[in-house]
Amino acid sequence: MGTRTIMHVDMDAFFVACEVRRDPSLVGKAVIVGGSPDGRGVVCSASYEARRFGVRSAMPSSQAKRLCPEAIFLCGHMEDYVETSRRLRALFEEATPVVEMASLDEAYLDLTGTERLWGSPRAVAERLRDRIRETEGLPASFGVGTTKTIAKIASDWKKPQGLVIVEPGREAEFLAPMPLRRLPGIGPKTHERLAGWGLKVIGDLAALGPERLAQVFGEGGRDLWARAVGQDTGRVTPSRERKSIGREMTFDTDVDDMETALAELSRLAEDVASRLRAKGFSAQHLTLKLRHSDFKTLTRASTFPTPTNLETDLFSTARELLGRHWTRRVRLRLLGLSCSGLVEDVPQLDLLEGPHRERQAHLASAIDAIRKRHGAEAIRRGSSAPPKTSTALPPWETGGQEPDPH
């Protein structure tokens with residue numbers, strides 16, 4: 001395999017930068033996008049002025065307030081961030097069609113073979129930096145290397161508005177003096193274990209060799225060593241944007257009671273949320289579809305404050321929409337839920353209830369594992385059970401399942 005050229009683009013304090021663009025009076029101030037410091041909120045993004053006080057993403061907002069009392073806390077505008085991210089992706093695709101959006105504010109670009117068309121990687125980075133400034137008014141940092149790991153670490157090396165290029169053959173030299181925590185894949189437990197061996201920098205890890213690491217960590221140890229010397233083989237994997245994920249169900253008998261409708265709505269929310277997670281998406285918008293017995297159809301939509309793939313969020317929003325808009329004295333024939341505004345790898349950070357949402361996300365992962373092993377009907381939430389007054393048996397007792405139009 002020939003030498004690859006991978007670029008990592010990382011927007012600088014993305015959420016904060018979008019807020020500063022919205023309100024220029026925030027320039028140069030300590031700004032934190034996240035939950036209220038008076039509750040259980042968490043920091044989603046902090047300006048570099050706030051970071052000088054030790055404020056970091058995912059930190060409790062109350063702690064951030066203690067570290068930086070003068071900080072300005074903002075709830076943020078997630079819809080703006082999502083739309084901006086889409087426009088950024090379009091800019092990246094002007095340089096190469098091989099673009100992998102790692103999150104709303106970062107992307108990998110495979111520039112291999114594009115030099116004749118666009119010039120050197122440095123020229124591409126400088127042109128993209130100028131285009132982002134001109135069209136979006138936002139700062140970005142760039143890293144270029146022969147692997148995704150090298151490119152990502154390089155983009156973070158001289159933030160904000162940095163541009164670091166690691167020449168082929170100098171990967172191990174570039175990584176060697178860096179702290180272990182800078183290497184992707186080294187979490188707190190692994191770091192603690194390695195530190196117990198007296199290791200401090202990536203070069204210490206590389207010196208152990210692949211065999212020793214494999215003895216301790218299994219085959220994952222070989223991959224860890226490969227990344228420590230800049231030899232990982234992970235490819236930039238572009239994903240086609242999917243417009244929506246949804247599901248709908250036609251009742252065997254038209255429904256006239258809210259309790260039965262809510263039970264089915266809960267099942268739909270479970271199924272759609274599970275599919276979002278399976279595809280690696282979170283959704284910004286939810287649409288409820290109602291079809292009455294006279295075949296008149298109504299759709300109503302709502303926007304989540306933060307992209308989500310949790311059934312609790314989907315069901316809560318859908319239940320509110322159903323309560324507000326099922327106002328006709330006509331039975332329901334069909335219910336449907338669909339999610340749009342899909343984004344990849346958005347962290348489950350609720351601005352007010354970070355720890356609670358983290359627990360919900362872990363629970364959802366456990367439920368997904370059970371369903372993958374034993375089938376979709378192996379486990380259901382209590383809210384999805386039909387009411388006791390219903391004469392119909394639930395699908396998990398009859399073996400039936402509605403067709404999936406998606």
# chains A, B, ... in the order shown; residues from 1 in each chain; ligands from 1
>>> residues_around(residues="Phe53 (chain A)", least_positions_apart="2", cutoff="6 Å", atoms="only C-alpha atoms", output="PDB file with N, CA and C atoms, in the first residue's frame")
ATOM      1  N   ALA A  50     -11.917  30.788  28.668  1.00  0.00           N
ATOM      2  CA  ALA A  50     -12.384  30.011  29.821  1.00  0.00           C
ATOM      3  C   ALA A  50     -11.456  28.837  30.101  1.00  0.00           C
ATOM      4  N   ARG A  51     -10.878  28.267  29.064  1.00  0.00           N
ATOM      5  CA  ARG A  51      -9.992  27.115  29.243  1.00  0.00           C
ATOM      6  C   ARG A  51      -8.733  27.494  30.026  1.00  0.00           C
ATOM      7  N   VAL A  55     -11.238  25.169  32.643  1.00  0.00           N
ATOM      8  CA  VAL A  55     -12.548  24.670  32.225  1.00  0.00           C
ATOM      9  C   VAL A  55     -12.372  23.728  31.034  1.00  0.00           C
ATOM     10  N   LEU A  67     -14.265  27.603  38.896  1.00  0.00           N
ATOM     11  CA  LEU A  67     -12.956  27.868  38.298  1.00  0.00           C
ATOM     12  C   LEU A  67     -12.916  29.219  37.585  1.00  0.00           C
ATOM     13  N   CYS A  68     -14.045  29.577  36.965  1.00  0.00           N
ATOM     14  CA  CYS A  68     -14.101  30.813  36.174  1.00  0.00           C
ATOM     15  C   CYS A  68     -15.386  31.568  36.523  1.00  0.00           C
TER      16      CYS A  68
END
>>> residues_around(residues="region 334-338 of chain A", least_positions_apart="2", cutoff="7 Å", atoms="only C-alpha atoms", output="list in words")
Ser244, Ile245, Gly246, Arg247, Glu248, Met249, Thr250, Phe251, Leu268, Leu286, Thr287, Leu288, Lys289, Leu290, Arg291, His292, Leu332 and Ser340 of chain A
>>> write_last_selection(atoms="N, CA and C atoms", output="PDB file, in the first residue's frame")
ATOM      1  N   SER A 244     -33.609  10.225   6.884  1.00  0.00           N
ATOM      2  CA  SER A 244     -34.478   9.950   8.026  1.00  0.00           C
ATOM      3  C   SER A 244     -34.492   8.470   8.349  1.00  0.00           C
ATOM      4  N   ILE A 245     -34.895   8.167   9.561  1.00  0.00           N
ATOM      5  CA  ILE A 245     -35.118   6.789  10.006  1.00  0.00           C
ATOM      6  C   ILE A 245     -36.461   6.786  10.716  1.00  0.00           C
ATOM      7  N   GLY A 246     -37.329   5.863  10.354  1.00  0.00           N
ATOM      8  CA  GLY A 246     -38.654   5.871  10.952  1.00  0.00           C
ATOM      9  C   GLY A 246     -39.352   4.541  10.889  1.00  0.00           C
ATOM     10  N   ARG A 247     -40.537   4.516  11.468  1.00  0.00           N
ATOM     11  CA  ARG A 247     -41.360   3.309  11.473  1.00  0.00           C
ATOM     12  C   ARG A 247     -42.810   3.711  11.670  1.00  0.00           C
ATOM     13  N   GLU A 248     -43.712   2.950  11.070  1.00  0.00           N
ATOM     14  CA  GLU A 248     -45.133   3.206  11.267  1.00  0.00           C
ATOM     15  C   GLU A 248     -45.878   1.882  11.380  1.00  0.00           C
ATOM     16  N   MET A 249     -47.050   1.961  11.976  1.00  0.00           N
ATOM     17  CA  MET A 249     -47.815   0.745  12.233  1.00  0.00           C
ATOM     18  C   MET A 249     -49.302   1.014  12.045  1.00  0.00           C
ATOM     19  N   THR A 250     -49.948   0.136  11.306  1.00  0.00           N
ATOM     20  CA  THR A 250     -51.395   0.214  11.105  1.00  0.00           C
ATOM     21  C   THR A 250     -52.074  -0.724  12.092  1.00  0.00           C
ATOM     22  N   PHE A 251     -53.039  -0.201  12.853  1.00  0.00           N
ATOM     23  CA  PHE A 251     -53.741  -1.014  13.848  1.00  0.00           C
ATOM     24  C   PHE A 251     -54.642  -2.043  13.167  1.00  0.00           C
ATOM     25  N   LEU A 268     -42.988   2.165  18.994  1.00  0.00           N
ATOM     26  CA  LEU A 268     -42.378   2.822  17.834  1.00  0.00           C
ATOM     27  C   LEU A 268     -41.126   3.592  18.238  1.00  0.00           C
ATOM     28  N   LEU A 286     -38.055  15.196  15.181  1.00  0.00           N
ATOM     29  CA  LEU A 286     -38.978  14.065  15.244  1.00  0.00           C
ATOM     30  C   LEU A 286     -40.296  14.467  14.607  1.00  0.00           C
ATOM     31  N   THR A 287     -40.856  13.563  13.796  1.00  0.00           N
ATOM     32  CA  THR A 287     -42.147  13.803  13.154  1.00  0.00           C
ATOM     33  C   THR A 287     -43.135  12.703  13.541  1.00  0.00           C
ATOM     34  N   LEU A 288     -44.298  13.110  13.998  1.00  0.00           N
ATOM     35  CA  LEU A 288     -45.384  12.190  14.336  1.00  0.00           C
ATOM     36  C   LEU A 288     -46.383  12.180  13.190  1.00  0.00           C
ATOM     37  N   LYS A 289     -46.803  10.988  12.801  1.00  0.00           N
ATOM     38  CA  LYS A 289     -47.780  10.833  11.727  1.00  0.00           C
ATOM     39  C   LYS A 289     -49.038  10.175  12.273  1.00  0.00           C
ATOM     40  N   LEU A 290     -50.189  10.789  12.028  1.00  0.00           N
ATOM     41  CA  LEU A 290     -51.480  10.246  12.446  1.00  0.00           C
ATOM     42  C   LEU A 290     -52.355  10.051  11.211  1.00  0.00           C
ATOM     43  N   ARG A 291     -52.886   8.860  11.060  1.00  0.00           N
ATOM     44  CA  ARG A 291     -53.873   8.645   9.987  1.00  0.00           C
ATOM     45  C   ARG A 291     -55.154   8.165  10.642  1.00  0.00           C
ATOM     46  N   HIS A 292     -56.238   8.882  10.371  1.00  0.00           N
ATOM     47  CA  HIS A 292     -57.513   8.577  11.003  1.00  0.00           C
ATOM     48  C   HIS A 292     -58.290   7.537  10.206  1.00  0.00           C
ATOM     49  N   LEU A 332     -58.118   6.321  15.341  1.00  0.00           N
ATOM     50  CA  LEU A 332     -56.825   6.280  14.656  1.00  0.00           C
ATOM     51  C   LEU A 332     -56.668   4.959  13.907  1.00  0.00           C
ATOM     52  N   SER A 340     -35.340  12.848  11.708  1.00  0.00           N
ATOM     53  CA  SER A 340     -34.543  13.448  10.648  1.00  0.00           C
ATOM     54  C   SER A 340     -33.517  14.381  11.278  1.00  0.00           C
TER      55      SER A 340
END
>>> residues_around(residues="region 127-132 of chain A", least_positions_apart="6", cutoff="12 Å", atoms="only C-alpha atoms", output="ChimeraX atom specification")
/A:7-12,84-85,87-96,109,118-121,138-143,161-163
>>> residues_around(residues="region 172-179 of chain A", least_positions_apart="3", cutoff="7 Å", atoms="only C-alpha atoms", output="VMD selection string")
chain A and resid 182 200 to 203 228 to 230
>>> write_last_selection(atoms="C-alpha atoms", output="tab-separated table (two decimals), in the first residue's frame")
chain	number	residue	atom	x	y	z
A	182	ARG	CA	-2.77	12.14	23.57
A	200	LYS	CA	4.94	8.61	30.67
A	201	VAL	CA	5.16	9.37	26.95
A	202	ILE	CA	4.12	7.61	23.74
A	203	GLY	CA	7.74	6.78	23.00
A	228	ALA	CA	2.11	4.52	19.03
A	229	VAL	CA	4.58	4.40	16.13
A	230	GLY	CA	2.21	5.94	13.56
>>> atom_distance(atom1="CA of Ser282 (chain A)", atom2="CA of Leu314 (chain A)")
11.0 Å
>>> atom_distance(atom1="CA of Met59 (chain A)", atom2="CA of Val144 (chain A)")
29.5 Å
>>> residues_around(residues="Val343 (chain A)", least_positions_apart="3", cutoff="12 Å", atoms="only C-alpha atoms", output="ChimeraX atom specification")
/A:78-79,81-86,89,100-105,239-245,276-277,279-285,306-309,339-340,346-347
>>> select_by_dssp(residues="region 224-283 of chain A", states="strand (DSSP E)", output="number ranges by chain")
A: 244-255, 281-283
>>> residues_around(residues="Val236 (chain A)", least_positions_apart="4", cutoff="9 Å", atoms="only C-alpha atoms", output="list of chain:residue names")
A:Ile6, A:Val98, A:Val99, A:Glu100, A:Tyr108, A:Leu109, A:Asp110, A:Lys148
>>> select_by_dssp(residues="region 31-157 of chain A", states="alpha helix (DSSP H)", output="number ranges by chain")
A: 48-51, 61-67, 78-95, 115-118, 121-136, 148-157
>>> closest_residue(among="A:Lys159, A:Arg275, A:Arg170, A:Arg331", to="Gly145 (chain A)", atoms="only C-alpha atoms")
A:Arg170
